[in-house]
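Student: I have a structure I would like to understand better, so I am pasting it below and will then ask my questions one at a time.
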Amino acid sequence: MKLHRTIILCSAIFSNLAALACTNFIAGRKATTDGSIMVTYADDSYTRFGDLFHSPRGKHAPGSMRKVTDWGDNSPRGEIPQASETYNVVGNMNEHQLVIGETTWTGHKELADTTGVSMLDYGSLIYITLERCKTAREAIKMMGDLVEKYGYASTGETFSIADKNEAWIMEMIGKGAEKGAVWIAVRVPDDAICAHANEPRIRKVDYKDKENVMYAKDLIPFARRRGYFSGKDEDFSFADAFDKHDAAKRRSCDARVWSFFRRFASPEEDKAWFEWVNADSDEPMPLFIVPDRKLSLKDMQERMRDHYEDTPYDMTADPGAGPYKAPQRNRPMRYEIDGKKYTHERPVATQQTAWHFVSQSRADLPDPIGGVLWFGTDDANTSVYMPFYCSMTEVPEEVRPGNGDLYNFSPTANFWVNNWVANQAYGKYDLMIDDIRRVQGGLEDKFTAARPQIESELLKLYNSGDTQGLEARVNADGASIAKEATDAYRDLALFLLVRYLDGGRKKLDDNGDFARNPHGKPLTPESPGFSEEFYRLIIEKAGDRLLLK
C-alpha cells in the first residue's frame with residue numbers, strides 16, 4: 001500500500017522527539033527473590049495518555065485483515081493479513097506471560113525509513129507480536145519476519161522481550177531507502193540483570209552461539225555496505241555501528257542504566273561505569289551484570305522511582321531543585337549560557353510519563369495466574385503500582401481508554417488523579433512527599449500482601465477447569481484495585497490541597513486527622529520556610545537589599 005510521504009516524515013519526527021524517552025530494566029529468573037522474570041517499562045511521552053491497552057483473544061476467518069495504526073501519531077498505515085488465532089493482551093503482556101517493552105534511540109538519521117511503503121512502526125510491531133506469539137524466541141523471529149515483509153517505519157529501537165522462562169534484549173534499526181530493518185537479539189543470563197535507556201547496548205557477541213544470539217542474516221553485510229563497519233565479523237558491535245555515544249547521550253541515557261546497575265554492584269564497578277557515563281572514559285558499561293544480591297519486586301519498583309539520589313547527579317542537590325528540593329526538571333533539558341552548553345539530568349522517574357509497569361512472568365504458576373503486570377500511570381515516583389493479571393479480559397474503568405484524555409480531565413481516571421497529586425508535589429516536594437509515600441506505600445503493601453490469598457483462589461478455579469470463574473475473579477480483582485487506588489489518590493489530592501494551603505502546613509493529630517483545639521477550632525498552621533541552603537541562595541542573589549539595618 002502506498003503511504004503518503006507526510007506520514008513517513010511525521011513518524012521520523014516523532015522518533016527523534018522520543019529519543020530521550022523511556023527506560024527498561026530486566027531481571028532474569030535466578031536474579032530475583034521469587035524466581036520470576038521481571039521487566040520494567042516507563043512510557044515517557046508528553047503526547048500519550050495513561051490508559052491500559054487491551055486486545056481480546058480471538059479466532060479469525062481466512063482472509064481477515066488487521067488494521068495497522070501508527071503508535072506515535074495514530075495515523076492509519078495500512079492492513080496486513082490477520083492471524084487465524086490471536087491472544088489476550090493486557091498492556092504489554094499477553095496471556096502466555098510474554099512481555100515486550102522498548103526504548104527509542106533513533107541512530108543514524110539516514111536510516112530513517114524513506115521507502116514510502118513501510119507499515120510497521122515499533123509500537124504496532126510490539127502489539128501485533130504480542131497478539132501472535134507465546135515465547136520470547138517466537139517473538140524475536142516474528143518481529144524480524146514482520147519488518148522484512150511489511151517494512152519498518154521507525155528508526156533505532158531496543159526491545160525487552162521476556163516470557164516465563166527467559167529474557168532477551170533485541171535491537172533494531174531501519175534501512176533508510178531499503179525496505180525492512182537489521183537487528184540483533186541477545187539472551188540475558190538467568191542470573192543477570194540488564195537495562196537500556198535510549199542508547200543501543202549490544203556490542204561484541206559470539207555469533208556462533210545460536211542458543212543465546214539471534215540476528216538478521218544481512219546485519220553485518222549491511223553495516224559494511226553502508227560504511228558503518230570495516231573490521232572482522234567477530235569484532236562487530238551493533239551499538240557502535242549504528243549510533244554515536246557522545247557525552248550528552250551517555251549522560252541522559254546510559255546514566256539511567258548506571259544508576260540501576262550501581263545499586264547491585266561493588267564500589268569499584270560503580271566508579272568504572274560512572275566514568276563512562278560522565279565521559280571520563282571510553283570503556284562502555286557491560287550489557288548485563290550478575291547482581292550482588294537477588295532483586296525483589298519492590299526493588300524493581302523502587303528503581304523505577306530513581307532520581308540519582310546519593311550520587312554525583314543527585315537532582316535534589318542543585319539550585320534547579322528549588323526551595324523544596326524537587327527532583328524533576330522541565331524541558332528543554334539542554335541550554336546554553338555565555339556560550340557554554342549545560343544539561344538538566346534525565347532520571348528514570350520523570351513527570352511526563354504516561355504509564356509504566358513492572359511485569360512478573362512466573363514459570364511455577366499456570367499462565368493465567370503467573371503473569372502479572374504491576375501497572376501505574378503518570379510519574380512512577382508518585383503513583384501506585386496496581387497488579388493486573390495477564391488473563392484479565394475487562395479493563396477497569398479507571399484505566400480504560402476513553403475515560404478522559406490529555407485535554408479532558410476525568411475525576412475517575414487514574415492518570416488524572418495521579419497528576420493532580422504529583423503536580424501539587426512538584427511545587428512543594430520535600431514537604432509533601434512523605435504524605436504521598438504513606439498512601440502510596442500503604443496501597444502497594446496491601447496489594448502485595450493480598451496476592452497469596454487471591455492466587456490460591458485463582459489456582460483452585462484453574463485446577464477445577466472453571467475458566468469463566470477464573471476470568472471473572474481476575475476481572476473483579478483488577479476492578480477493585482484500580483478503583484481503590486484511584487479513589488485513594490483523589491482523596492490524597494484534596495488532602496494535600498487543604499494541608500498545604502497558602503504556604504502553611506496544617507498540623508495533624510495522632511490519628512493523622514487535622515488537629516483542632518479542645519473547642520474544635522483549627523490550630524495555627526506551621527510555617528515550614530526554606531532550608532538554610534536556599535536562604536543563602538536568596539542572599540547571594542539579593543545582596544544587602546534584604547538585610548535588616
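Residues are referred to by chain and number: the chain letter is A, B, ... according to the order shown in the C-alpha cells, the number counts from 1 in that chain, and ligands are numbered separately from 1 in the order shown.
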Just the residues within 9 Å of A:Ala482, please, counting only C-alpha atoms, with nothing from its chain fewer than 5 positions along; format it as a PyMOL selection string.
Tutor: chain A and resi 386-387+396-399+414+477+487
Student: Considering only C-alpha atoms, give me a table of residues in stretch 379-436 of chain A that are at most 12 Å from stretch 530-547 of chain A, with the closest atom pair and distance in Å for each, as a Markdown table.
Tutor:
```
| residue | atom | partner | partner_atom | distance |
| --- | --- | --- | --- | --- |
| A:Lys428 | CA | A:Phe530 | CA | 10.4 |
| A:Tyr429 | CA | A:Phe530 | CA | 11.9 |
| A:Asp430 | CA | A:Phe530 | CA | 10.3 |
| A:Leu431 | CA | A:Phe530 | CA | 10.2 |
```
Student: Based on the selection just made, write C-alpha atoms of those residues as a JSON list (two decimals), in the first residue's frame.
Tutor:
```
[["chain", "number", "residue", "atom", "x", "y", "z"],
["A", 428, "LYS", "CA", 6.43, 21.63, 47.45],
["A", 429, "TYR", "CA", 8.21, 18.33, 47.05],
["A", 430, "ASP", "CA", 10.10, 17.77, 50.30],
["A", 431, "LEU", "CA", 7.03, 18.92, 52.27]]
```
Student: Please identify the strand (DSSP E) residues within stretch 282-500 of chain A (assignment by DSSP from backbone atoms) and present them as a PyMOL selection string.
Tutor: chain A and resi 288-289+334-337+340-343+353-361+372-377+386-389
Student: If we count only C-alpha atoms and set the cut-off at 10 Å, which residues sit around A:Leu111, ignoring sequence neighbours fewer than 2 positions away in its own chain? Please answer as an MDAnalysis selection string.
Tutor: chainID A and resid 12 106:109 113:114 154:156 173:178 181 226 242
Student: Put those residues in a file: N, CA, C and O atoms, as a PDB file, in the first residue's frame.
Tutor:
```pdb
ATOM      1  N   ALA A  12       9.198   9.852  11.475  1.00  0.00           N
ATOM      2  CA  ALA A  12      10.605  10.118  11.735  1.00  0.00           C
ATOM      3  C   ALA A  12      10.769  11.236  12.753  1.00  0.00           C
ATOM      4  O   ALA A  12      11.611  11.171  13.652  1.00  0.00           O
ATOM      5  N   THR A 106      16.918   6.218  17.993  1.00  0.00           N
ATOM      6  CA  THR A 106      16.985   6.861  16.675  1.00  0.00           C
ATOM      7  C   THR A 106      18.153   6.378  15.820  1.00  0.00           C
ATOM      8  O   THR A 106      17.962   5.783  14.778  1.00  0.00           O
ATOM      9  N   GLY A 107      19.414   6.629  16.214  1.00  0.00           N
ATOM     10  CA  GLY A 107      20.558   6.206  15.415  1.00  0.00           C
ATOM     11  C   GLY A 107      20.818   7.120  14.230  1.00  0.00           C
ATOM     12  O   GLY A 107      20.390   8.279  14.208  1.00  0.00           O
ATOM     13  N   HIS A 108      21.534   6.591  13.226  1.00  0.00           N
ATOM     14  CA  HIS A 108      21.898   7.410  12.068  1.00  0.00           C
ATOM     15  C   HIS A 108      20.639   7.924  11.350  1.00  0.00           C
ATOM     16  O   HIS A 108      19.746   7.141  10.994  1.00  0.00           O
ATOM     17  N   LYS A 109      20.613   9.212  11.115  1.00  0.00           N
ATOM     18  CA  LYS A 109      19.421   9.831  10.522  1.00  0.00           C
ATOM     19  C   LYS A 109      19.090   9.269   9.151  1.00  0.00           C
ATOM     20  O   LYS A 109      17.921   9.172   8.772  1.00  0.00           O
ATOM     21  N   ASP A 113      13.203   5.559   7.743  1.00  0.00           N
ATOM     22  CA  ASP A 113      12.528   4.997   6.571  1.00  0.00           C
ATOM     23  C   ASP A 113      12.167   6.076   5.550  1.00  0.00           C
ATOM     24  O   ASP A 113      11.552   7.087   5.879  1.00  0.00           O
ATOM     25  N   THR A 114      12.546   5.854   4.327  1.00  0.00           N
ATOM     26  CA  THR A 114      12.172   6.763   3.231  1.00  0.00           C
ATOM     27  C   THR A 114      11.502   6.021   2.082  1.00  0.00           C
ATOM     28  O   THR A 114      11.324   6.581   1.004  1.00  0.00           O
ATOM     29  N   SER A 154      10.072   2.845  11.708  1.00  0.00           N
ATOM     30  CA  SER A 154      10.722   3.582  12.795  1.00  0.00           C
ATOM     31  C   SER A 154      12.232   3.556  12.599  1.00  0.00           C
ATOM     32  O   SER A 154      12.742   3.027  11.617  1.00  0.00           O
ATOM     33  N   THR A 155      12.954   4.124  13.567  1.00  0.00           N
ATOM     34  CA  THR A 155      14.415   4.155  13.471  1.00  0.00           C
ATOM     35  C   THR A 155      14.999   3.225  14.526  1.00  0.00           C
ATOM     36  O   THR A 155      14.543   2.104  14.690  1.00  0.00           O
ATOM     37  N   GLY A 156      16.027   3.665  15.268  1.00  0.00           N
ATOM     38  CA  GLY A 156      16.686   2.786  16.213  1.00  0.00           C
ATOM     39  C   GLY A 156      15.849   2.493  17.442  1.00  0.00           C
ATOM     40  O   GLY A 156      15.304   3.399  18.073  1.00  0.00           O
ATOM     41  N   ILE A 173      17.156  -1.419  13.774  1.00  0.00           N
ATOM     42  CA  ILE A 173      17.168  -0.105  13.125  1.00  0.00           C
ATOM     43  C   ILE A 173      16.754  -0.265  11.668  1.00  0.00           C
ATOM     44  O   ILE A 173      16.993  -1.310  11.042  1.00  0.00           O
ATOM     45  N   GLY A 174      16.107   0.769  11.135  1.00  0.00           N
ATOM     46  CA  GLY A 174      15.660   0.746   9.756  1.00  0.00           C
ATOM     47  C   GLY A 174      16.820   0.809   8.771  1.00  0.00           C
ATOM     48  O   GLY A 174      17.984   0.996   9.147  1.00  0.00           O
ATOM     49  N   LYS A 175      16.475   0.714   7.488  1.00  0.00           N
ATOM     50  CA  LYS A 175      17.500   0.645   6.437  1.00  0.00           C
ATOM     51  C   LYS A 175      17.390   1.794   5.449  1.00  0.00           C
ATOM     52  O   LYS A 175      17.865   1.714   4.321  1.00  0.00           O
ATOM     53  N   GLY A 176      16.732   2.887   5.884  1.00  0.00           N
ATOM     54  CA  GLY A 176      16.642   4.056   5.020  1.00  0.00           C
ATOM     55  C   GLY A 176      15.784   3.806   3.800  1.00  0.00           C
ATOM     56  O   GLY A 176      14.583   3.556   3.905  1.00  0.00           O
ATOM     57  N   ALA A 177      16.406   3.860   2.636  1.00  0.00           N
ATOM     58  CA  ALA A 177      15.672   3.674   1.385  1.00  0.00           C
ATOM     59  C   ALA A 177      15.401   2.209   1.080  1.00  0.00           C
ATOM     60  O   ALA A 177      14.682   1.895   0.127  1.00  0.00           O
ATOM     61  N   GLU A 178      15.981   1.299   1.858  1.00  0.00           N
ATOM     62  CA  GLU A 178      15.734  -0.128   1.665  1.00  0.00           C
ATOM     63  C   GLU A 178      14.601  -0.582   2.596  1.00  0.00           C
ATOM     64  O   GLU A 178      14.506  -0.148   3.739  1.00  0.00           O
ATOM     65  N   ALA A 181      14.545  -3.927   8.092  1.00  0.00           N
ATOM     66  CA  ALA A 181      15.407  -3.495   9.187  1.00  0.00           C
ATOM     67  C   ALA A 181      16.487  -4.535   9.422  1.00  0.00           C
ATOM     68  O   ALA A 181      16.364  -5.693   9.009  1.00  0.00           O
ATOM     69  N   ARG A 226      27.110   0.037   4.029  1.00  0.00           N
ATOM     70  CA  ARG A 226      26.819   1.441   4.319  1.00  0.00           C
ATOM     71  C   ARG A 226      28.003   2.183   4.942  1.00  0.00           C
ATOM     72  O   ARG A 226      27.906   3.376   5.251  1.00  0.00           O
ATOM     73  N   PHE A 242      25.751   1.612  14.650  1.00  0.00           N
ATOM     74  CA  PHE A 242      24.525   2.298  14.274  1.00  0.00           C
ATOM     75  C   PHE A 242      24.168   3.519  15.116  1.00  0.00           C
ATOM     76  O   PHE A 242      23.120   4.126  14.918  1.00  0.00           O
TER      77      PHE A 242
END
```
Student: My list of candidates is A:Asp378, A:Asp243, A:Asp434, A:Asp318. Which is closest to A:Phe415 when distances are computed with only C-alpha atoms?
Tutor: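 Closest to A:Phe415 of all the choices is A:Asp378.
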Student: What gap, in Å, lies between atom CA of A:Arg516 and atom CA of A:Leu501?
Tutor: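 Here the two named atoms are 16.5 Å from each other.
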Student: Select, from A:Leu470, A:Ala317, A:Cys253, A:Val277, the residue with the minimum atom-to-atom distance to A:Thr393, counting only C-alpha atoms.
Tutor: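 For A:Thr393, the nearest of the candidates is A:Leu470.
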Student: Counting only C-alpha atoms, which of A:Leu523, A:Cys194, A:Ala380, A:Leu365 gets nearest to A:Pro291?
Tutor: A:Cys194
Student: If you run DSSP over the backbone, which residues in stretch 418-539 of chain A end up helix (DSSP H, G or I)? Put them as a PyMOL selection string.
Tutor: chain A and resi 418-425+429-463+467-499+501-503+532-539
Student: Would you please work out which residue, of A:Thr448, A:Arg505, A:Asp292, A:Arg263, is nearest to A:Glu526 when using only C-alpha atoms?
Tutor: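 Answer, going by the shortest atom-to-atom distance: A:Arg505.
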Student: One decimal, in Å: what's the spacing between atom CA of A:Asn198 and atom CA of A:Ser259?
Tutor: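 So the answer is 14.3 Å.
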Student: Which residue out of A:Ala167, A:Ile337, A:Asp43, A:Lys141 has the minimum interatomic distance to A:Ala349 when only C-alpha atoms are used?
Tutor: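 Checking each of A:Ala167, A:Ile337, A:Asp43, A:Lys141 against A:Ala349, counting only C-alpha atoms, the winner is A:Asp43.
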Student: Rank nothing, just name the residue among A:Ala239, A:Ala61, A:Ala255, A:Leu120 nearest to A:Ser75, using only C-alpha atoms.
Tutor: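 For A:Ser75, the nearest of the candidates is A:Leu120.
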